[in-house]
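my_file-v9.txt, holding compact mmCIF, C-alpha atoms and all ligand atoms:
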```txt
# COMPACT_ATOMS: atom_id res chain seq x y z
CA MET A 1 -48.31 20.56 -57.79
CA ALA A 2 -48.19 19.09 -61.31
CA LEU A 3 -45.50 16.46 -61.79
CA THR A 4 -42.81 17.21 -64.38
CA GLN A 5 -40.12 15.06 -65.99
CA ALA A 6 -37.49 17.25 -64.29
CA MET A 7 -39.00 16.41 -60.87
CA LEU A 8 -38.82 12.67 -61.57
CA GLN A 9 -35.25 13.00 -62.80
CA SER A 10 -34.28 14.89 -59.64
CA ILE A 11 -35.73 12.05 -57.51
CA HIS A 12 -33.71 9.56 -59.59
CA ASP A 13 -30.51 11.61 -59.17
CA GLU A 14 -31.07 12.03 -55.43
CA VAL A 15 -31.52 8.26 -55.04
CA PHE A 16 -28.15 7.71 -56.74
CA ARG A 17 -26.44 10.09 -54.30
CA GLN A 18 -27.07 7.65 -51.43
CA ASP A 19 -24.56 5.01 -50.32
CA ASP A 20 -26.94 2.58 -48.62
CA TRP A 21 -29.13 0.67 -51.06
CA GLY A 22 -30.32 -2.03 -48.65
CA LYS A 23 -30.02 -5.73 -49.46
CA PRO A 24 -32.02 -7.82 -51.96
CA ALA A 25 -34.21 -10.59 -50.49
CA GLN A 26 -31.80 -13.31 -49.38
CA TYR A 27 -34.30 -16.13 -48.81
CA ILE A 28 -35.21 -16.43 -52.51
CA PRO A 29 -31.95 -17.51 -54.20
CA GLU A 30 -32.98 -16.17 -57.64
CA LEU A 31 -33.41 -12.68 -56.15
CA ALA A 32 -30.48 -12.73 -53.69
CA THR A 33 -27.74 -11.82 -56.18
CA ILE A 34 -29.49 -8.98 -58.03
CA PRO A 35 -27.27 -5.85 -57.82
CA PRO A 36 -29.04 -3.48 -55.39
CA ASP A 37 -27.93 -0.18 -56.96
CA GLN A 38 -30.72 -0.02 -59.55
CA PHE A 39 -33.72 2.27 -59.66
CA ALA A 40 -36.81 2.95 -61.76
CA ILE A 41 -39.92 5.07 -61.35
CA SER A 42 -42.97 5.41 -63.62
CA VAL A 43 -45.97 7.62 -63.03
CA CYS A 44 -49.23 7.46 -65.00
CA LEU A 45 -51.26 10.65 -64.70
CA ALA A 46 -54.96 11.42 -64.96
CA ASP A 47 -54.42 13.13 -68.36
CA GLY A 48 -53.22 9.82 -69.84
CA HIS A 49 -49.49 10.64 -69.88
CA CYS A 50 -46.92 8.37 -68.24
CA LEU A 51 -43.57 9.82 -67.10
CA LYS A 52 -40.57 7.67 -66.20
CA ALA A 53 -36.97 7.80 -65.01
CA GLY A 54 -34.29 5.12 -64.54
CA VAL A 55 -34.61 1.53 -65.82
CA ALA A 56 -38.38 1.78 -66.23
CA ASP A 57 -38.48 -0.82 -69.00
CA LYS A 58 -36.63 -3.53 -67.06
CA PRO A 59 -38.89 -6.37 -65.78
CA PHE A 60 -38.54 -7.25 -62.08
CA SER A 61 -40.20 -9.79 -59.79
CA ILE A 62 -43.32 -8.12 -58.39
CA GLN A 63 -43.61 -10.62 -55.49
CA SER A 64 -46.11 -9.32 -52.94
CA VAL A 65 -47.35 -6.52 -55.18
CA SER A 66 -49.16 -9.44 -56.86
CA LYS A 67 -51.30 -9.74 -53.71
CA VAL A 68 -53.14 -6.60 -54.85
CA PHE A 69 -54.08 -8.27 -58.13
CA SER A 70 -55.01 -11.63 -56.64
CA LEU A 71 -57.16 -9.80 -54.07
CA ALA A 72 -58.91 -7.88 -56.87
CA ALA A 73 -59.47 -11.13 -58.80
CA THR A 74 -60.76 -12.92 -55.68
CA LEU A 75 -63.12 -10.10 -54.70
CA GLY A 76 -64.41 -10.19 -58.25
CA ARG A 77 -65.04 -13.94 -57.92
CA VAL A 78 -66.29 -14.48 -54.35
CA GLY A 79 -67.05 -10.89 -53.24
CA GLY A 80 -67.42 -10.12 -49.53
CA GLN A 81 -67.40 -13.82 -48.62
CA LEU A 82 -63.62 -13.56 -48.50
CA TRP A 83 -63.88 -11.56 -45.26
CA THR A 84 -65.24 -14.59 -43.40
CA ARG A 85 -61.75 -16.07 -43.81
CA VAL A 86 -59.41 -13.03 -43.70
CA GLY A 87 -59.42 -9.86 -41.59
CA ARG A 88 -58.87 -6.24 -42.53
CA GLU A 89 -56.61 -5.00 -39.75
CA PRO A 90 -52.91 -4.20 -39.84
CA SER A 91 -50.81 -6.93 -38.27
CA GLY A 92 -47.83 -5.06 -36.85
CA THR A 93 -45.85 -8.20 -37.62
CA ALA A 94 -43.45 -9.26 -40.39
CA PHE A 95 -44.81 -10.42 -43.75
CA ASP A 96 -44.22 -14.11 -43.02
CA SER A 97 -45.04 -14.11 -39.31
CA VAL A 98 -46.89 -17.04 -37.76
CA VAL A 99 -47.43 -15.40 -34.34
CA LEU A 100 -50.93 -13.95 -34.84
CA LEU A 101 -52.22 -17.02 -36.66
CA GLU A 102 -51.69 -19.03 -33.50
CA LYS A 103 -53.40 -16.43 -31.30
CA GLU A 104 -56.30 -15.82 -33.71
CA GLN A 105 -57.24 -19.39 -34.63
CA GLY A 106 -55.92 -19.39 -38.17
CA ARG A 107 -57.72 -16.26 -39.41
CA PRO A 108 -55.04 -14.02 -40.94
CA ARG A 109 -55.17 -10.33 -40.04
CA ASN A 110 -55.32 -9.07 -43.64
CA PRO A 111 -54.92 -10.22 -47.27
CA PHE A 112 -51.43 -8.69 -47.63
CA VAL A 113 -49.50 -10.63 -44.98
CA ASN A 114 -48.39 -13.96 -46.45
CA ALA A 115 -50.94 -16.00 -44.50
CA GLY A 116 -53.79 -13.77 -45.71
CA ALA A 117 -52.54 -13.85 -49.30
CA ILE A 118 -52.34 -17.64 -49.17
CA VAL A 119 -56.00 -17.78 -48.04
CA THR A 120 -56.96 -15.29 -50.78
CA THR A 121 -55.21 -17.39 -53.42
CA ASP A 122 -56.87 -20.50 -51.97
CA ALA A 123 -60.30 -18.84 -52.42
CA LEU A 124 -59.45 -17.94 -56.02
CA LEU A 125 -58.27 -21.48 -56.68
CA SER A 126 -61.27 -23.33 -55.26
CA GLY A 127 -62.74 -25.90 -57.58
CA ARG A 128 -60.21 -25.19 -60.33
CA GLU A 129 -56.77 -26.13 -61.58
CA PRO A 130 -53.89 -23.87 -60.44
CA LYS A 131 -53.26 -22.87 -64.03
CA GLN A 132 -56.83 -21.55 -64.34
CA ALA A 133 -56.52 -19.43 -61.20
CA LEU A 134 -53.13 -18.16 -62.36
CA ALA A 135 -54.52 -17.36 -65.78
CA GLU A 136 -57.25 -15.31 -64.11
CA THR A 137 -54.76 -13.26 -62.04
CA LEU A 138 -52.33 -12.83 -64.94
CA GLY A 139 -55.21 -12.00 -67.28
CA LEU A 140 -56.43 -9.30 -64.90
CA VAL A 141 -52.92 -7.82 -64.60
CA ARG A 142 -52.56 -7.76 -68.39
CA ALA A 143 -55.99 -6.18 -68.83
CA MET A 144 -55.20 -3.52 -66.20
CA ALA A 145 -51.81 -2.77 -67.79
CA GLU A 146 -53.24 -3.02 -71.32
CA THR A 147 -50.43 -5.26 -72.55
CA ASP A 148 -49.95 -9.00 -73.05
CA GLN A 149 -46.18 -8.71 -72.54
CA ILE A 150 -46.31 -9.72 -68.86
CA TYR A 151 -45.12 -13.18 -67.84
CA ILE A 152 -44.45 -15.44 -64.89
CA ASN A 153 -40.77 -16.32 -64.29
CA SER A 154 -40.95 -20.02 -63.44
CA LYS A 155 -37.30 -20.07 -62.27
CA VAL A 156 -38.18 -17.54 -59.55
CA ALA A 157 -41.26 -19.58 -58.57
CA ALA A 158 -39.14 -22.76 -58.36
CA SER A 159 -36.47 -20.92 -56.38
CA GLU A 160 -39.05 -19.77 -53.83
CA LYS A 161 -40.64 -23.21 -53.67
CA ALA A 162 -37.25 -24.76 -52.90
CA THR A 163 -36.72 -22.50 -49.89
CA GLY A 164 -40.34 -21.77 -48.93
CA ALA A 165 -40.45 -23.61 -45.62
CA ARG A 166 -42.07 -20.68 -43.83
CA ASN A 167 -44.89 -20.32 -46.33
CA ARG A 168 -45.41 -24.09 -46.16
CA ALA A 169 -45.66 -23.79 -42.38
CA LEU A 170 -48.24 -21.01 -42.75
CA ALA A 171 -50.31 -23.04 -45.24
CA HIS A 172 -50.32 -26.14 -43.05
CA TYR A 173 -51.22 -24.05 -40.02
CA LEU A 174 -54.14 -22.54 -41.94
CA GLN A 175 -55.19 -26.04 -42.98
CA SER A 176 -55.15 -27.23 -39.36
CA HIS A 177 -57.68 -24.47 -38.58
CA GLY A 178 -59.91 -25.39 -41.51
CA ASN A 179 -59.01 -22.19 -43.36
CA LEU A 180 -57.56 -23.82 -46.47
CA THR A 181 -59.87 -25.57 -48.91
CA ASN A 182 -57.28 -26.97 -51.31
CA ASP A 183 -54.24 -29.18 -50.90
CA PRO A 184 -51.55 -26.88 -49.38
CA ASP A 185 -49.11 -27.74 -52.19
CA LEU A 186 -51.61 -26.67 -54.85
CA THR A 187 -52.41 -23.38 -53.11
CA LEU A 188 -48.72 -22.67 -52.46
CA GLY A 189 -47.76 -23.56 -56.03
CA THR A 190 -50.33 -21.05 -57.27
CA TYR A 191 -49.14 -18.45 -54.75
CA PHE A 192 -45.43 -18.86 -55.63
CA HIS A 193 -46.18 -18.49 -59.35
CA GLN A 194 -48.38 -15.44 -58.80
CA CYS A 195 -45.53 -13.83 -56.80
CA ALA A 196 -43.13 -14.61 -59.69
CA ILE A 197 -44.98 -12.36 -62.17
CA GLU A 198 -42.49 -9.94 -63.72
CA MET A 199 -43.36 -6.40 -64.76
CA THR A 200 -41.60 -3.16 -65.58
CA THR A 201 -42.41 -0.10 -63.50
CA THR A 202 -44.22 1.35 -66.51
CA GLN A 203 -46.42 -1.75 -66.83
CA LEU A 204 -47.09 -1.69 -63.08
CA ALA A 205 -47.99 2.01 -63.08
CA MET A 206 -50.33 1.35 -66.02
CA ALA A 207 -51.93 -1.52 -64.07
CA GLY A 208 -52.48 0.74 -61.03
CA ARG A 209 -54.62 3.24 -62.98
CA SER A 210 -57.81 1.25 -62.28
CA LEU A 211 -57.09 1.41 -58.54
CA ALA A 212 -56.42 5.15 -58.77
CA GLY A 213 -59.76 5.51 -60.59
CA LEU A 214 -58.16 7.39 -63.49
CA GLU A 215 -60.51 8.23 -66.36
CA ASN A 216 -58.34 6.48 -68.94
CA ALA A 217 -58.06 3.22 -66.97
CA PRO A 218 -59.73 0.06 -68.26
CA LYS A 219 -62.90 -0.61 -66.27
CA VAL A 220 -61.95 -4.05 -64.97
CA ILE A 221 -62.26 -3.56 -61.20
CA ALA A 222 -65.45 -2.39 -59.48
CA ARG A 223 -64.93 1.05 -57.93
CA ALA A 224 -66.20 -0.28 -54.60
CA HIS A 225 -63.49 -2.97 -54.66
CA ALA A 226 -60.78 -0.48 -55.68
CA ARG A 227 -61.66 1.77 -52.73
CA ARG A 228 -61.39 -1.16 -50.29
CA ILE A 229 -58.11 -2.36 -51.81
CA ASN A 230 -56.65 1.16 -51.52
CA ALA A 231 -57.70 1.31 -47.86
CA LEU A 232 -55.94 -1.99 -47.19
CA MET A 233 -52.85 -0.81 -49.07
CA MET A 234 -52.72 2.25 -46.83
CA THR A 235 -53.12 0.33 -43.57
CA CYS A 236 -51.45 -3.01 -44.37
CA GLY A 237 -49.46 -2.65 -47.62
CA HIS A 238 -46.02 -2.44 -46.01
CA TYR A 239 -46.41 -5.01 -43.20
CA ASP A 240 -45.00 -3.69 -39.91
CA GLY A 241 -43.65 -0.69 -41.89
CA SER A 242 -47.18 0.41 -42.93
CA GLY A 243 -47.46 3.13 -40.30
CA GLU A 244 -44.08 4.57 -41.30
CA PHE A 245 -45.02 4.50 -45.01
CA ALA A 246 -48.31 6.30 -44.28
CA PHE A 247 -46.37 8.82 -42.17
CA GLN A 248 -43.68 9.46 -44.80
CA VAL A 249 -45.72 9.13 -47.99
CA GLY A 250 -49.41 9.47 -47.06
CA LEU A 251 -50.61 7.31 -49.95
CA PRO A 252 -51.83 3.71 -50.30
CA GLY A 253 -48.87 1.51 -51.29
CA LYS A 254 -48.02 -2.15 -51.69
CA SER A 255 -44.46 -3.41 -51.52
CA GLY A 256 -42.85 -6.66 -52.61
CA VAL A 257 -39.58 -8.32 -51.63
CA GLY A 258 -38.50 -8.00 -55.27
CA GLY A 259 -38.08 -4.28 -54.47
CA GLY A 260 -41.21 -3.00 -56.21
CA ILE A 261 -43.77 -0.62 -54.74
CA LEU A 262 -47.12 0.29 -56.27
CA VAL A 263 -48.38 3.62 -54.93
CA ILE A 264 -51.85 5.01 -55.60
CA ALA A 265 -52.74 8.70 -55.52
CA PRO A 266 -56.54 8.37 -55.79
CA GLY A 267 -57.94 10.31 -58.74
CA VAL A 268 -54.51 11.74 -59.52
CA ALA A 269 -51.88 9.16 -60.48
CA SER A 270 -50.61 5.60 -60.34
CA ILE A 271 -46.95 5.28 -59.41
CA ALA A 272 -44.60 2.29 -59.62
CA ILE A 273 -41.10 2.31 -58.17
CA TRP A 274 -38.40 -0.37 -58.18
CA SER A 275 -35.10 -0.74 -56.42
CA PRO A 276 -34.19 -4.27 -55.29
CA GLY A 277 -32.36 -3.49 -52.02
CA LEU A 278 -34.67 -3.85 -49.01
CA ASN A 279 -34.89 -2.14 -45.63
CA HIS A 280 -35.31 -4.12 -42.41
CA TYR A 281 -39.10 -4.42 -42.94
CA GLY A 282 -38.51 -6.16 -46.30
CA ASN A 283 -39.65 -3.09 -48.29
CA SER A 284 -37.55 -1.35 -50.96
CA HIS A 285 -35.08 0.97 -49.26
CA ALA A 286 -34.52 3.45 -52.10
CA GLY A 287 -38.09 2.95 -53.33
CA THR A 288 -39.56 4.08 -50.02
CA ARG A 289 -37.32 7.17 -50.02
CA ALA A 290 -38.32 7.98 -53.58
CA ALA A 291 -42.03 7.65 -52.75
CA ALA A 292 -41.58 10.09 -49.86
CA MET A 293 -39.73 12.56 -52.10
CA LEU A 294 -42.45 12.34 -54.75
CA SER A 295 -45.18 12.90 -52.18
CA ASP A 296 -43.34 15.90 -50.69
CA MET A 297 -42.75 17.48 -54.11
CA THR A 298 -46.28 17.03 -55.42
CA GLY A 299 -48.36 17.35 -52.26
CA TRP A 300 -50.24 14.20 -53.31
CA SER A 301 -50.49 12.86 -49.74
CA VAL A 302 -54.17 12.21 -48.97
CA PHE A 303 -53.70 13.87 -45.57
N1 LIG A 401 -43.20 -14.50 -52.33
C1 LIG A 401 -42.82 -13.79 -51.14
C2 LIG A 401 -43.05 -14.65 -49.93
O1 LIG A 401 -44.06 -15.27 -49.84
C3 LIG A 401 -43.57 -12.50 -51.06
C4 LIG A 401 -43.20 -11.65 -49.86
C5 LIG A 401 -43.15 -10.19 -50.18
O2 LIG A 401 -42.95 -9.81 -51.34
O3 LIG A 401 -43.24 -9.37 -49.25
O4 LIG A 401 -42.25 -14.74 -49.04
```

Would you mind giving the structure from this file in structure tokens?
Ligand code: GLU
Amino acid sequence: MALTQAMLQSIHDEVFRQDDWGKPAQYIPELATIPPDQFAISVCLADGHCLKAGVADKPFSIQSVSKVFSLAATLGRVGGQLWTRVGREPSGTAFDSVVLLEKEQGRPRNPFVNAGAIVTTDALLSGREPKQALAETLGLVRAMAETDQIYINSKVAASEKATGARNRALAHYLQSHGNLTNDPDLTLGTYFHQCAIEMTTTQLAMAGRSLAGLENAPKVIARAHARRINALMMTCGHYDGSGEFAFQVGLPGKSGVGGGILVIAPGVASIAIWSPGLNHYGNSHAGTRAAAMLSDMTGWSVF
């Protein structure tokens, strides 16, 4: 069914009828105190229109949604070589888990768990300064969203660096298995800054158009890469909540601990949702509900 403004508004209103908003990410001090009862949704359609409801022009920390963009940039740079270092299977473990790395000799299950994203960023960084790799990722995001008004919040990056013991552990573990080519601090610095990109839901929905393969999207990602990225978003985009997201929503999606979710309806729409309170998987609580409502209303599930 065609999406209308009234449908988006009804999703917004339904979200505000709930009492439980979840809790913002507590391990990144800059994000921990954000009031959870906030919501935004933006949808860019194949006809070129974008609809929105809630605080759709408020920038938020995209965190792991950035892994989609760094993966696209890395595939553009090194192509299929990346898969010699990272797998393509769901992990069934939390985003920052170290368990499988130990069992699988330092080869992360997929590019969306932290360990896999750190390897992906490491591949993008190779032979260059962190600021060049960051400029490539940020440049791609800006080109996809068709705006230069997207920035990295260095306070958020510093805040994560200060408390990032787990990611440091992952990077050093990867290094011990020969699966990190740069100094762990350089790779992690690049990774923390990439996660600290801030976007509004409207900018994020605009950026997702290339993944959705919409006619009006800038042609900055190869279609073959977009198809693979969407497949990984479907199977791995919500960590150990990926099966539940596929069950409830039936669309490729990538979450971040900042409370953002990018959802792709291939050929139909690019959707961005934000609400900073998280569920126990570390995915947006209200955002996941809203994505399910949208999918039910429109019938956009790929199944
Ligand atoms: N920067 C976050 C971390 O590495 C990203 C996690 C996420 O958004 O899921 O812990």

Practice prompt. Please identify the residues whose atoms come within 6 Å of ligand LIG 401 (chain A), using all atoms listed in the file, and report them as a PyMOL selection string.
Written response: chain A and resi 63-64+95+114+192+195+256-257

Item to complete: For the point (-52.5, -16.7, -56.7) in the file's frame, write as a ChimeraX atom specification all residues with an atom no more than 7 Å away, counting only C-alpha atoms.
Response: /A:70,121,133-134,137,190-191,194

Would you write out, as JSON lines, a table of all residues in range 22-80 of chain A that have an atom no more than 7 Å from an atom of range 276-296 of chain A, listing for each the closest atom pair and the distance in Å to one decimal, considering only C-alpha atoms and ordering rows by chain and rising residue number?
```
{"residue": "A:Gly22", "atom": "CA", "partner": "A:Gly277", "partner_atom": "CA", "distance": 4.2}
{"residue": "A:Lys23", "atom": "CA", "partner": "A:Gly277", "partner_atom": "CA", "distance": 4.1}
{"residue": "A:Pro24", "atom": "CA", "partner": "A:Gly277", "partner_atom": "CA", "distance": 4.3}
{"residue": "A:Ala25", "atom": "CA", "partner": "A:Leu278", "partner_atom": "CA", "distance": 6.9}
{"residue": "A:Pro36", "atom": "CA", "partner": "A:Gly277", "partner_atom": "CA", "distance": 4.7}
{"residue": "A:Gln38", "atom": "CA", "partner": "A:Pro276", "partner_atom": "CA", "distance": 6.9}
```

Expected file contents, prior selection, C-alpha atoms, as a PDB file, keeping the file's coordinate frame:
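File result-v5.pdb, as written:
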```pdb
ATOM      1  CA  GLY A  22     -30.320  -2.030 -48.650  1.00  0.00           C
ATOM      2  CA  LYS A  23     -30.020  -5.730 -49.460  1.00  0.00           C
ATOM      3  CA  PRO A  24     -32.020  -7.820 -51.960  1.00  0.00           C
ATOM      4  CA  ALA A  25     -34.210 -10.590 -50.490  1.00  0.00           C
ATOM      5  CA  PRO A  36     -29.040  -3.480 -55.390  1.00  0.00           C
ATOM      6  CA  GLN A  38     -30.720  -0.020 -59.550  1.00  0.00           C
TER       7      GLN A  38
END
```

Fill in: For CA of Val268 in chain A and CA of Gln248 in chain A, the interatomic separation in Å (one decimal)
18.4 Å

Worksheet entry | Interatomic distance, CA of Leu31 in chain A to CA of Ala272 in chain A (Å, one decimal) | 19.0 Å

Compile the contact shell of Ile261 in chain A as a tab-separated table (two decimals) with C-alpha atoms, keeping the file's coordinate frame: residues with an atom at most 6 Å away, counting all atoms listed in the file, same-chain residues fewer than 4 positions apart removed.
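Final output, result_18.tsv:
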```tsv
chain	number	residue	atom	x	y	z
A	254	LYS	CA	-48.02	-2.15	-51.69
A	255	SER	CA	-44.46	-3.41	-51.52
A	272	ALA	CA	-44.60	2.29	-59.62
A	273	ILE	CA	-41.10	2.31	-58.17
```

Worksheet item: Around (-51.8, -27.9, -47.5) in the file's own coordinates, what residues are found within 7 Å if you use only C-alpha atoms, given back as a count of residues only?
Response: 7

Discussion item. Restricting the calculation to only C-alpha atoms: of A:Ala196, A:Val119, A:Ala207, A:Val249, which residue gets closest to Thr84 in chain A?
Written reply: A:Val119

Given 6 Å of margin on each side, can you work out the centre and size in Å (one decimal) of an axis-aligned box holding every listed atom of range 26-30 of chain A, as JSON?
```
{"center_x": -33.5, "center_y": -15.4, "center_z": -53.2, "size_x": 15.4, "size_y": 16.2, "size_z": 20.8}
```

Practice prompt. Check the smallest atom-to-atom distance from each of A:Ala94, A:Cys44, A:Leu262, A:Leu51 to Leu8 in chain A using all atoms listed in the file, then report the winner.
Written response: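 Among the listed residues, A:Leu51 lies closest to Leu8 in chain A.
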